[in-house]
Amino acid sequence: MTTRPVDETPEERDELASEYVLGTLSPERRTEVQKRLRDDSALRTAVDGWERRLLGLTDLAEPVTPSPTLWHRIERSLNASMPRSATAATAPLSWWNRLGVWRGFAGAGLAATLVLGTLLLTQATVKPTYLVVLVAPQDKAPGWVIQASNAREIQLIPLGVAQVPEDKALEFWTKAEGWQGPVSLGLVKPGQTLSVPLDKLPPLQPDQLFELTLENRTGSPIGKPTGPIQFIGRAVKVI
């Protein structure tokens, strides 16, 4: 049994759940989370929430029919996962009903779908090195995905069309550890995919903050966020 850290905040638990679902944790850390899930109802709720939020991202990927070779590999993997002593009549039922197995598959599958979906949208030929899911702070609904195949440019990809008042605009910001404050990356049009150069900023780093705020039509007048946060997320290194 792995117990919850006594000083863990709800925000830290939610961040851990998101990394678990995205599949970005180290193997050791992932094993720790899987052990906690058996007895930690709060963490299970957080993981379930992230799985529901990101499930819609599967719509980003076009359906692909697996090849016969892949099906054989899957079948061999399933057979290898079943207990040797299980009978033919009971093994499939007991294996398919194992909650831990499905939690592992859900996290890995969502991570793969998220990366695949963003690659298909941008027709990228290089796997992203960094990935960010920008979510609405009120309900954690994903609204944008950021991907970067290098540390000098990012792509901002909408998952829908955000509603913005006519006299307002979305402004894109980022801030990393050690910076004095957030830096504007420009105004963003709802529903528009765009590439943003980072050539005048330090290289991307894990946990770097990104957010979209609601500002005046011409942007923040003081060079810092003044309006409410519409979407927010942190960078995760994926390879």
# chains A, B, ... in the order shown; residues from 1 in each chain; ligands from 1
$ residues_around --residues "range 202-210 of chain A" --least-positions-apart "5" --cutoff "6 Å" --atoms "only C-alpha atoms" --output "PyMOL selection string"
chain A and resi 151+173-176+232-237
$ write_last_selection --atoms "C-alpha atoms" --output "mmCIF file, in the first residue's frame"
data_model
loop_
_atom_site.group_PDB
_atom_site.id
_atom_site.type_symbol
_atom_site.label_atom_id
_atom_site.label_comp_id
_atom_site.auth_asym_id
_atom_site.auth_seq_id
_atom_site.Cartn_x
_atom_site.Cartn_y
_atom_site.Cartn_z
ATOM 1 C CA ALA A 151 12.820 24.545 -28.167
ATOM 2 C CA TRP A 173 1.368 34.243 -22.458
ATOM 3 C CA THR A 174 4.200 32.093 -21.145
ATOM 4 C CA LYS A 175 6.364 32.065 -18.029
ATOM 5 C CA ALA A 176 9.107 29.696 -16.900
ATOM 6 C CA ILE A 232 -4.013 27.439 -18.761
ATOM 7 C CA GLY A 233 -1.528 24.565 -18.731
ATOM 8 C CA ARG A 234 2.100 23.553 -18.185
ATOM 9 C CA ALA A 235 4.639 22.038 -20.567
ATOM 10 C CA VAL A 236 5.419 18.327 -20.316
ATOM 11 C CA LYS A 237 8.472 16.808 -21.972
#
$ residues_around --residues "Ala169 in chain A" --least-positions-apart "6" --cutoff "10 Å" --atoms "only C-alpha atoms" --output "count of residues only"
15
